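As provided, start14.csv (CSV, C-alpha atoms and all ligand atoms) reads as follows.
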```csv
chain,number,residue,atom,x,y,z
A,1,MET,CA,-51.7,17.4,44.6
A,2,GLN,CA,-49.7,20.0,46.5
A,3,SER,CA,-46.3,18.2,46.2
A,4,GLN,CA,-44.9,20.0,43.2
A,5,LYS,CA,-41.2,20.7,43.2
A,6,ILE,CA,-40.4,24.1,44.4
A,7,PRO,CA,-38.6,26.0,41.5
A,8,SER,CA,-35.1,27.0,42.3
A,9,GLN,CA,-36.0,30.7,41.5
A,10,GLN,CA,-39.4,32.2,42.1
A,11,LEU,CA,-40.1,35.2,39.9
A,12,PHE,CA,-42.4,38.1,40.7
A,13,SER,CA,-44.1,40.6,38.5
A,14,PHE,CA,-46.4,43.6,39.0
A,15,GLU,CA,-49.3,44.8,36.8
A,16,PHE,CA,-50.3,48.4,36.3
A,17,TYR,CA,-53.0,50.1,34.3
A,18,PRO,CA,-51.9,53.1,32.2
A,19,PRO,CA,-52.6,56.4,34.0
A,20,LYS,CA,-55.4,58.5,32.6
A,21,THR,CA,-54.1,61.9,33.8
A,22,GLU,CA,-50.8,63.7,34.2
A,23,GLU,CA,-51.3,63.6,38.0
A,24,GLY,CA,-51.9,59.8,37.8
A,25,ALA,CA,-48.7,59.4,35.7
A,26,ALA,CA,-46.7,61.4,38.3
A,27,SER,CA,-47.9,59.4,41.3
A,28,LEU,CA,-47.3,56.2,39.4
A,29,GLN,CA,-43.6,57.1,39.0
A,30,VAL,CA,-43.3,56.9,42.8
A,31,VAL,CA,-45.1,53.5,42.8
A,32,TYR,CA,-42.8,52.2,40.1
A,33,ASP,CA,-39.7,53.3,42.1
A,34,LYS,CA,-40.9,51.7,45.3
A,35,LEU,CA,-41.8,48.4,43.6
A,36,ALA,CA,-38.7,48.3,41.5
A,37,LYS,CA,-36.7,48.0,44.7
A,38,LEU,CA,-38.3,44.5,45.1
A,39,ASN,CA,-36.3,43.4,42.0
A,40,PRO,CA,-39.2,42.0,40.0
A,41,GLU,CA,-38.8,40.0,36.8
A,42,PHE,CA,-41.0,42.5,35.0
A,43,PHE,CA,-43.7,45.2,35.2
A,44,SER,CA,-46.8,44.7,32.9
A,45,VAL,CA,-49.2,47.3,31.6
A,46,THR,CA,-52.8,46.6,30.7
A,47,PHE,CA,-54.3,47.4,27.3
A,48,GLY,CA,-57.9,48.6,26.9
A,49,ALA,CA,-59.9,46.2,24.6
A,50,GLY,CA,-60.4,47.7,21.2
A,51,GLY,CA,-57.2,49.7,21.5
A,52,SER,CA,-58.7,52.3,23.8
A,53,THR,CA,-55.5,52.8,25.8
A,54,ARG,CA,-53.1,52.0,22.9
A,55,ASP,CA,-51.0,55.2,23.2
A,56,LYS,CA,-51.2,55.4,27.0
A,57,THR,CA,-50.1,51.7,27.4
A,58,PHE,CA,-47.2,52.3,25.0
A,59,ASP,CA,-46.1,55.5,27.0
A,60,ALA,CA,-46.2,53.6,30.3
A,61,VAL,CA,-44.2,50.7,28.8
A,62,ILE,CA,-41.5,53.1,27.5
A,63,THR,CA,-41.4,54.9,30.9
A,64,ILE,CA,-40.9,51.6,32.7
A,65,GLN,CA,-38.2,50.5,30.3
A,66,SER,CA,-36.4,53.8,30.7
A,67,LYS,CA,-36.1,53.0,34.4
A,68,GLY,CA,-34.2,49.8,33.5
A,69,ILE,CA,-37.1,47.5,34.4
A,70,GLN,CA,-38.3,44.9,31.9
A,71,ALA,CA,-41.8,46.0,30.6
A,72,ALA,CA,-44.4,43.6,29.3
A,73,PRO,CA,-47.3,45.2,27.5
A,74,HIS,CA,-50.6,43.5,27.5
A,75,LEU,CA,-52.2,43.2,24.0
A,76,SER,CA,-55.8,42.3,23.6
A,77,CYS,CA,-57.1,41.5,20.1
A,78,VAL,CA,-60.9,41.8,20.3
A,79,ALA,CA,-62.2,44.5,18.0
A,80,SER,CA,-58.8,44.9,16.4
A,81,THR,CA,-57.5,44.3,12.9
A,82,LYS,CA,-54.4,42.3,11.9
A,83,GLU,CA,-53.0,45.6,10.6
A,84,ASN,CA,-53.4,47.3,13.9
A,85,ILE,CA,-51.8,44.4,15.8
A,86,ARG,CA,-49.0,44.2,13.3
A,87,ALA,CA,-48.2,47.9,13.8
A,88,ILE,CA,-48.2,47.6,17.6
A,89,LEU,CA,-45.9,44.5,17.5
A,90,LYS,CA,-43.6,46.4,15.2
A,91,SER,CA,-43.3,49.4,17.5
A,92,TYR,CA,-42.6,47.1,20.5
A,93,GLN,CA,-39.9,45.3,18.5
A,94,GLU,CA,-38.3,48.6,17.6
A,95,HIS,CA,-38.2,49.5,21.2
A,96,GLY,CA,-36.6,46.3,22.4
A,97,ILE,CA,-39.7,44.9,24.2
A,98,SER,CA,-39.3,41.1,24.6
A,99,LYS,CA,-42.4,40.0,26.6
A,100,ILE,CA,-46.1,40.4,25.7
A,101,VAL,CA,-49.2,39.3,27.6
A,102,ALA,CA,-51.5,38.2,24.8
A,103,LEU,CA,-55.3,38.4,25.5
A,104,ARG,CA,-58.6,38.4,23.8
A,105,GLY,CA,-60.0,41.2,25.9
A,106,ASP,CA,-63.8,41.9,26.4
A,107,LEU,CA,-65.7,43.7,23.7
A,108,PRO,CA,-66.6,47.1,25.1
A,109,SER,CA,-70.4,47.6,25.4
A,110,GLY,CA,-71.9,49.2,22.3
A,111,MET,CA,-69.0,47.9,20.1
A,112,MET,CA,-70.6,45.5,17.7
A,113,SER,CA,-67.7,44.2,15.6
A,114,ALA,CA,-65.4,41.6,17.1
A,115,GLY,CA,-62.7,42.4,14.6
A,116,GLU,CA,-60.4,40.0,12.9
A,117,PHE,CA,-59.6,37.9,15.9
A,118,ARG,CA,-62.1,35.8,17.9
A,119,TYR,CA,-60.0,34.3,20.6
A,120,ALA,CA,-56.6,34.7,22.3
A,121,ASN,CA,-55.2,31.6,20.6
A,122,GLU,CA,-55.5,33.3,17.3
A,123,LEU,CA,-53.6,36.3,18.6
A,124,VAL,CA,-50.8,34.0,19.9
A,125,GLU,CA,-50.7,32.3,16.5
A,126,PHE,CA,-50.5,35.7,14.7
A,127,ILE,CA,-47.7,37.0,17.0
A,128,ARG,CA,-45.7,33.8,16.2
A,129,GLN,CA,-46.4,34.1,12.5
A,130,GLU,CA,-45.4,37.7,12.3
A,131,THR,CA,-42.5,37.9,14.7
A,132,GLY,CA,-41.2,34.3,15.3
A,133,ASP,CA,-39.5,34.0,18.6
A,134,CYS,CA,-39.0,37.7,19.1
A,135,PHE,CA,-41.4,37.8,22.1
A,136,GLN,CA,-41.9,35.7,25.1
A,137,ILE,CA,-45.7,35.3,25.2
A,138,HIS,CA,-47.7,35.1,28.4
A,139,VAL,CA,-51.4,34.1,28.3
A,140,ALA,CA,-54.2,34.2,30.8
A,141,ALA,CA,-55.8,31.2,32.6
A,142,TYR,CA,-58.8,30.8,34.8
A,143,PRO,CA,-58.4,28.2,37.7
A,144,GLU,CA,-62.0,29.0,38.6
A,145,VAL,CA,-63.2,28.8,34.9
A,146,HIS,CA,-63.7,31.7,32.6
A,147,PRO,CA,-67.1,33.2,33.1
A,148,GLN,CA,-68.2,32.8,29.4
A,149,ALA,CA,-66.9,29.2,29.1
A,150,ALA,CA,-69.5,26.6,28.3
A,151,ASN,CA,-68.0,24.4,31.0
A,152,GLU,CA,-64.6,23.5,32.6
A,153,VAL,CA,-63.7,20.9,30.1
A,154,GLU,CA,-64.2,23.2,27.1
A,155,ASP,CA,-62.4,26.0,28.9
A,156,PHE,CA,-59.4,23.8,29.5
A,157,LYS,CA,-59.4,22.7,25.8
A,158,ASN,CA,-59.5,26.3,24.8
A,159,PHE,CA,-56.6,27.1,27.2
A,160,LYS,CA,-54.6,24.3,25.6
A,161,ARG,CA,-55.0,26.0,22.2
A,162,LYS,CA,-53.2,29.0,23.5
A,163,VAL,CA,-50.3,26.9,24.8
A,164,ALA,CA,-50.2,25.0,21.5
A,165,ALA,CA,-50.1,28.2,19.6
A,166,GLY,CA,-46.8,29.1,21.3
A,167,ALA,CA,-47.3,30.6,24.8
A,168,ASN,CA,-44.3,30.6,27.0
A,169,ALA,CA,-45.9,31.3,30.4
A,170,VAL,CA,-49.3,31.7,32.0
A,171,ILE,CA,-50.7,34.2,34.4
A,172,THR,CA,-53.9,33.3,36.2
A,173,GLN,CA,-57.0,35.3,37.0
A,174,TYR,CA,-56.9,36.1,40.7
A,175,PHE,CA,-58.5,33.7,43.1
A,176,TYR,CA,-58.8,33.2,46.9
A,177,ASN,CA,-59.3,29.4,46.7
A,178,ALA,CA,-55.8,27.9,46.5
A,179,GLU,CA,-57.2,24.5,45.6
A,180,ALA,CA,-58.5,25.8,42.3
A,181,TYR,CA,-55.0,26.7,41.4
A,182,PHE,CA,-53.5,23.4,42.5
A,183,TYR,CA,-56.2,21.5,40.6
A,184,PHE,CA,-55.5,23.6,37.5
A,185,VAL,CA,-51.7,23.0,37.7
A,186,ASP,CA,-52.4,19.3,38.1
A,187,ALA,CA,-54.5,19.3,35.0
A,188,CYS,CA,-51.7,21.0,33.1
A,189,GLU,CA,-49.2,18.5,34.3
A,190,LYS,CA,-51.4,15.6,33.2
A,191,ASN,CA,-51.7,17.2,29.8
A,192,GLY,CA,-48.0,17.6,29.4
A,193,ILE,CA,-48.1,21.4,29.8
A,194,ASP,CA,-44.8,22.4,31.5
A,195,ILE,CA,-44.6,26.1,31.1
A,196,PRO,CA,-44.8,28.2,34.3
A,197,ILE,CA,-48.4,28.8,35.6
A,198,VAL,CA,-48.0,32.0,37.7
A,199,PRO,CA,-50.8,32.8,40.1
A,200,GLY,CA,-52.3,36.2,39.8
A,201,ILE,CA,-52.7,37.9,43.2
A,202,MET,CA,-55.3,40.6,44.0
A,203,PRO,CA,-54.6,42.4,47.3
A,204,ILE,CA,-57.8,43.2,49.3
A,205,THR,CA,-58.1,46.9,50.3
A,206,GLN,CA,-61.8,47.5,50.0
A,207,TYR,CA,-64.9,45.4,49.5
A,208,SER,CA,-67.5,46.8,47.2
A,209,GLN,CA,-65.2,47.3,44.2
A,210,LEU,CA,-63.6,43.9,44.8
A,211,PHE,CA,-67.0,42.3,44.9
A,212,ARG,CA,-68.2,44.0,41.7
A,213,PHE,CA,-65.0,43.2,39.9
A,214,SER,CA,-65.0,39.6,41.0
A,215,GLU,CA,-68.6,39.1,39.8
A,216,MET,CA,-67.6,40.4,36.4
A,217,CYS,CA,-64.4,38.3,36.0
A,218,GLY,CA,-65.7,35.1,37.6
A,219,ALA,CA,-63.4,35.1,40.6
A,220,ASP,CA,-65.0,33.6,43.7
A,221,ILE,CA,-64.9,35.3,47.0
A,222,PRO,CA,-65.5,32.4,49.4
A,223,ARG,CA,-68.5,32.8,51.7
A,224,TRP,CA,-66.5,33.0,54.9
A,225,MET,CA,-64.5,35.9,53.5
A,226,ARG,CA,-67.6,37.7,52.1
A,227,LYS,CA,-69.3,37.4,55.5
A,228,ARG,CA,-66.3,38.8,57.3
A,229,LEU,CA,-65.8,41.6,54.8
A,230,GLU,CA,-69.5,42.6,55.0
A,231,CYS,CA,-69.2,43.0,58.8
A,232,PHE,CA,-66.4,45.5,58.5
A,233,GLY,CA,-68.7,48.0,56.7
A,234,ASP,CA,-66.7,51.2,56.1
A,235,ASP,CA,-63.9,50.3,58.5
A,236,ARG,CA,-61.1,50.5,55.9
A,237,GLN,CA,-58.4,49.7,58.4
A,238,ALA,CA,-60.2,46.4,59.4
A,239,ILE,CA,-60.7,45.4,55.8
A,240,GLU,CA,-57.0,46.1,55.0
A,241,ALA,CA,-55.8,44.2,58.0
A,242,PHE,CA,-58.0,41.2,57.2
A,243,GLY,CA,-57.1,41.4,53.5
A,244,LEU,CA,-53.4,41.5,54.3
A,245,ASP,CA,-53.7,38.4,56.5
A,246,VAL,CA,-55.7,36.4,54.0
A,247,VAL,CA,-53.6,37.3,50.9
A,248,THR,CA,-50.3,36.8,52.7
A,249,LYS,CA,-51.4,33.3,53.8
A,250,LEU,CA,-52.6,32.5,50.2
A,251,CYS,CA,-49.3,33.7,48.7
A,252,GLN,CA,-47.3,31.7,51.3
A,253,ARG,CA,-49.2,28.6,50.6
A,254,LEU,CA,-48.8,29.0,46.8
A,255,LEU,CA,-45.1,29.6,47.1
A,256,ASP,CA,-44.6,26.7,49.6
A,257,ASN,CA,-46.3,24.3,47.2
A,258,GLY,CA,-44.5,25.0,44.0
A,259,ALA,CA,-45.8,28.2,42.4
A,260,PRO,CA,-43.1,29.5,40.1
A,261,GLY,CA,-43.7,33.0,41.3
A,262,LEU,CA,-46.5,35.5,41.8
A,263,HIS,CA,-48.0,38.2,39.6
A,264,PHE,CA,-49.5,41.0,41.6
A,265,TYR,CA,-52.5,43.1,40.3
A,266,THR,CA,-51.2,46.3,41.9
A,267,MET,CA,-54.1,48.6,41.0
A,268,ASN,CA,-51.4,51.2,40.7
A,269,GLN,CA,-50.7,51.2,44.5
A,270,ALA,CA,-47.5,50.2,46.2
A,271,ALA,CA,-48.5,50.0,49.9
A,272,PRO,CA,-50.6,46.8,49.8
A,273,ILE,CA,-47.9,45.0,47.8
A,274,LEU,CA,-45.1,46.2,50.1
A,275,ALA,CA,-47.1,45.0,53.2
A,276,ILE,CA,-47.6,41.5,51.7
A,277,TRP,CA,-44.0,41.4,50.6
A,278,GLU,CA,-42.8,42.2,54.1
A,279,ASN,CA,-45.0,39.6,55.6
A,280,LEU,CA,-43.7,37.0,53.2
A,281,LYS,CA,-40.1,38.0,54.1
A,282,LEU,CA,-39.1,37.6,50.4
B,301,LIG,P1,-59.6,33.5,25.5
B,301,LIG,O1,-58.5,32.6,25.9
B,301,LIG,O2,-59.8,33.8,24.1
B,301,LIG,O3,-60.9,32.9,26.2
B,301,LIG,C1,-62.1,33.7,26.2
B,301,LIG,C2,-63.3,32.7,26.3
B,301,LIG,O4,-63.5,32.1,25.0
B,301,LIG,C3,-63.2,31.6,27.3
B,301,LIG,O5,-64.5,31.3,27.8
B,301,LIG,C4,-62.7,30.4,26.5
B,301,LIG,O6,-63.1,29.1,27.0
B,301,LIG,C5,-63.4,30.7,25.1
B,301,LIG,N1,-62.5,30.3,24.0
B,301,LIG,C6,-61.2,30.5,23.8
B,301,LIG,N2,-60.7,30.0,22.7
B,301,LIG,C7,-61.7,29.5,22.0
B,301,LIG,C8,-61.9,28.9,20.8
B,301,LIG,N3,-60.8,28.7,19.9
B,301,LIG,N4,-63.2,28.4,20.5
B,301,LIG,C9,-64.2,28.6,21.3
B,301,LIG,N5,-64.1,29.2,22.5
B,301,LIG,C10,-62.9,29.6,22.9
B,301,LIG,N6,-58.4,42.4,29.5
B,301,LIG,C11,-58.1,43.5,28.8
B,301,LIG,O7,-59.0,44.0,28.0
B,301,LIG,N7,-56.9,44.1,28.8
B,301,LIG,C12,-55.9,43.6,29.6
B,301,LIG,O8,-54.8,44.2,29.7
B,301,LIG,C13,-56.1,42.4,30.3
B,301,LIG,N8,-55.2,41.8,31.1
B,301,LIG,C14,-55.4,40.6,31.7
B,301,LIG,C15,-54.4,40.0,32.4
B,301,LIG,C16,-54.6,38.8,33.0
B,301,LIG,C17,-53.5,38.1,33.7
B,301,LIG,C18,-55.9,38.2,33.0
B,301,LIG,C19,-56.2,36.9,33.7
B,301,LIG,C20,-56.9,38.8,32.3
B,301,LIG,C21,-56.7,40.0,31.6
B,301,LIG,N9,-57.7,40.7,30.9
B,301,LIG,C22,-57.4,41.8,30.2
B,301,LIG,C23,-59.1,40.2,30.9
B,301,LIG,C24,-59.3,39.2,29.7
B,301,LIG,O9,-59.2,39.9,28.5
B,301,LIG,C25,-60.7,38.6,29.8
B,301,LIG,O10,-60.7,37.7,30.9
B,301,LIG,C26,-61.3,38.0,28.6
B,301,LIG,O11,-62.7,37.7,28.9
B,301,LIG,C27,-60.6,36.7,28.2
B,301,LIG,O12,-59.4,36.9,27.7
B,301,LIG,P2,-58.5,35.6,27.3
B,301,LIG,O13,-57.3,36.1,26.7
B,301,LIG,O14,-58.4,34.7,28.5
B,301,LIG,O15,-59.5,34.9,26.2
```

Could you render the structure from this file as structure tokens?
Ligand code: FAD
Amino acid sequence: MQSQKIPSQQLFSFEFYPPKTEEGAASLQVVYDKLAKLNPEFFSVTFGAGGSTRDKTFDAVITIQSKGIQAAPHLSCVASTKENIRAILKSYQEHGISKIVALRGDLPSGMMSAGEFRYANELVEFIRQETGDCFQIHVAAYPEVHPQAANEVEDFKNFKRKVAAGANAVITQYFYNAEAYFYFVDACEKNGIDIPIVPGIMPITQYSQLFRFSEMCGADIPRWMRKRLECFGDDRQAIEAFGLDVVTKLCQRLLDNGAPGLHFYTMNQAAPILAIWENLKL
């Protein structure tokens, strides 16, 4: 299971959310500059479902690009129309963007209409129809199974639809059980899927937010980790030290066993990523 060939070049990417305030935008510039020094393949910027961050995502993408870093906007299709998505694609094409992370997104509470797209495979199909090979398309995968999926078999079938629709690469939801990733990669190989499956990595810097977030997105925090984290209480330093150790070991294991790179959920902070990077001696 863990005997995949190690790719000749492992590629790294960093994900940000668009800043809400001018202050946030200013401090993000410093974060961009620090992380750009690590020579990543690209920076990606999230997109609020229903288009709630449409302009802010666009602005962040253009800022990143102006620094000479490849920017990959996320694009979620839930609660959106074809016309909206077409306009967004057009503006990215005009600005020389060549990568997109294509997602369904989650319908914001209170928003009743799912719009003209139901699932991410329909978005991938639409991007290909509208723009041909203009964009390299990344899609999401869930080694621990998407929380709304009927079961693992159905979830994998649905994942395959996105690949068949024309995805070029995959970024996973974060996980702390490396086996889940290795089993997922095995299943891809058995199904003839040979595009890169890049593990998503969430640094651990605090507990309650991570716990809430993980509940929502279906990422498992193993019992032994939860028990340790609970004991640290408000001791931020202890949480950070433990988190750094756990996540470094996870990344090392993934890279040693064939992961084609790592995609870091930065939460707009450079320090946790730099610490992991230094530990990994990349
Ligand atoms: P899909 O692939 O459409 O899957 C969603 C669910 O529907 C799954 O349970 C799947 O099994 C099922 N399904 C899929 N296709 C079909 C079908 N044809 N028929 C029946 N069932 C089907 N959210 C945002 O809002 N903005 C972001 O910027 C963002 N970035 C993300 C980045 C990454 C790397 C990841 C892993 C997630 C991100 N998310 C983002 C969260 C994501 O939008 C949610 O996890 C969402 O619930 C699912 O999106 P998806 O693209 O994986 O959906």

If you measure from CA of Tyr119 (chain A) to CA of Phe135 (chain A), what distance in Å do you get, rounded to one decimal?
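Distance between the two atoms: 19.0 Å.
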
Nearby residues (all atoms listed in the file) at most 9 Å from Leu89 (chain A), same-chain spacing under 6 positions excluded, as a ChimeraX atom specification:
/A:127,130-131

Which residues are near ligand LIG 301 (chain B) in this structure, taking near to mean any atom at most 8 Å from a ligand atom and counting all atoms listed in the file? Format them as a ChimeraX atom specification.
/A:17,45-50,73-76,101-107,118-122,139-142,145-151,154-159,161-162,170-174,200,217

Grab the CA of Leu38 (chain A) to CA of Tyr92 (chain A) distance for me, in Å with one decimal place.
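Interatomic distance here is 25.1 Å.
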
Between A:Ile276, A:Ala26, A:Ala271, A:Val198, which one has atoms that come closest to Leu11 (chain A), using all atoms listed in the file?
A:Val198

For the atom pair CA of Ala187 (chain A) and CA of Gly258 (chain A), what is the interatomic distance in Å to one decimal place?
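These atoms are spaced 14.6 Å apart.
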
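The shortest atom-to-atom distance to Ala180 (chain A), with only C-alpha atoms taken into account, belongs to A:Leu250 out of A:Leu250, A:Cys231, A:Ala238, A:Leu35.
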
Residue among A:Pro196, A:Gly243, A:Gly96, A:Gly261 lying closest to Arg226 (chain A), counting all atoms listed in the file
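The closest residue to Arg226 (chain A) is A:Gly243.
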
Residues near Ala72 (chain A), anyone? I mean within 9 Å using only C-alpha atoms, not counting same-chain ones fewer than 5 positions away, as a ChimeraX atom specification.
/A:42-45,61,97-101

Nearest candidate to Ala270 (chain A) (options A:Gln129, A:Gln10, A:Gln29, A:Asn84; using only C-alpha atoms):
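Of all the options, A:Gln29 lies closest to Ala270 (chain A).
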
List as a Markdown table every residue of region 184-207 of chain A that is in contact with region 262-267 of chain A, defined as an atom at most 12 Å from one of its atoms (using all atoms listed in the file), together with the nearest atom pair and the distance in Å rounded to one decimal, sorted by chain and then rising number.
```
| residue | atom | partner | partner_atom | distance |
| --- | --- | --- | --- | --- |
| A:Pro196 | CA | A:Leu262 | CA | 10.6 |
| A:Ile197 | CA | A:Leu262 | CA | 9.3 |
| A:Val198 | CA | A:Leu262 | CA | 5.6 |
| A:Pro199 | CA | A:Leu262 | CA | 5.4 |
| A:Gly200 | CA | A:His263 | CA | 4.7 |
| A:Ile201 | CA | A:Phe264 | CA | 4.7 |
| A:Met202 | CA | A:Tyr265 | CA | 5.3 |
| A:Pro203 | CA | A:Tyr265 | CA | 7.3 |
| A:Ile204 | CA | A:Thr266 | CA | 10.4 |
| A:Thr205 | CA | A:Met267 | CA | 10.3 |
| A:Gln206 | CA | A:Met267 | CA | 11.9 |
```

Expected file contents, prior selection, C-alpha atoms, as an mmCIF file, in the coordinates of the input:
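And here's again11.cif as it stands now:
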```cif
data_model
loop_
_atom_site.group_PDB
_atom_site.id
_atom_site.type_symbol
_atom_site.label_atom_id
_atom_site.label_comp_id
_atom_site.auth_asym_id
_atom_site.auth_seq_id
_atom_site.Cartn_x
_atom_site.Cartn_y
_atom_site.Cartn_z
ATOM 1 C CA PRO A 196 -44.800 28.200 34.300
ATOM 2 C CA ILE A 197 -48.400 28.800 35.600
ATOM 3 C CA VAL A 198 -48.000 32.000 37.700
ATOM 4 C CA PRO A 199 -50.800 32.800 40.100
ATOM 5 C CA GLY A 200 -52.300 36.200 39.800
ATOM 6 C CA ILE A 201 -52.700 37.900 43.200
ATOM 7 C CA MET A 202 -55.300 40.600 44.000
ATOM 8 C CA PRO A 203 -54.600 42.400 47.300
ATOM 9 C CA ILE A 204 -57.800 43.200 49.300
ATOM 10 C CA THR A 205 -58.100 46.900 50.300
ATOM 11 C CA GLN A 206 -61.800 47.500 50.000
#
```

List as a PyMOL selection string the protein and nucleic acid residues near Tyr32 (chain A), meaning an atom at most 10 Å away when all atoms listed in the file are counted, but skip any in the same chain fewer than 6 places from it.
chain A and resi 14+16+43+63-64+67+69+268-270

Selection from above, C-alpha atoms, as a short mmCIF file (atom, residue, chain, number, x, y, z; two decimals), keeping the file's coordinate frame, can you write it?
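Now in part-v8.cif:
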```cif
data_model
loop_
_atom_site.label_atom_id
_atom_site.label_comp_id
_atom_site.auth_asym_id
_atom_site.auth_seq_id
_atom_site.Cartn_x
_atom_site.Cartn_y
_atom_site.Cartn_z
CA PHE A 14 -46.40 43.60 39.00
CA PHE A 16 -50.30 48.40 36.30
CA PHE A 43 -43.70 45.20 35.20
CA THR A 63 -41.40 54.90 30.90
CA ILE A 64 -40.90 51.60 32.70
CA LYS A 67 -36.10 53.00 34.40
CA ILE A 69 -37.10 47.50 34.40
CA ASN A 268 -51.40 51.20 40.70
CA GLN A 269 -50.70 51.20 44.50
CA ALA A 270 -47.50 50.20 46.20
#
```

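If all atoms listed in the file are the atoms counted, then among A:Glu15, A:Asp235, A:Asp59, A:Asp194 the closest residue to His95 (chain A) is A:Asp59.
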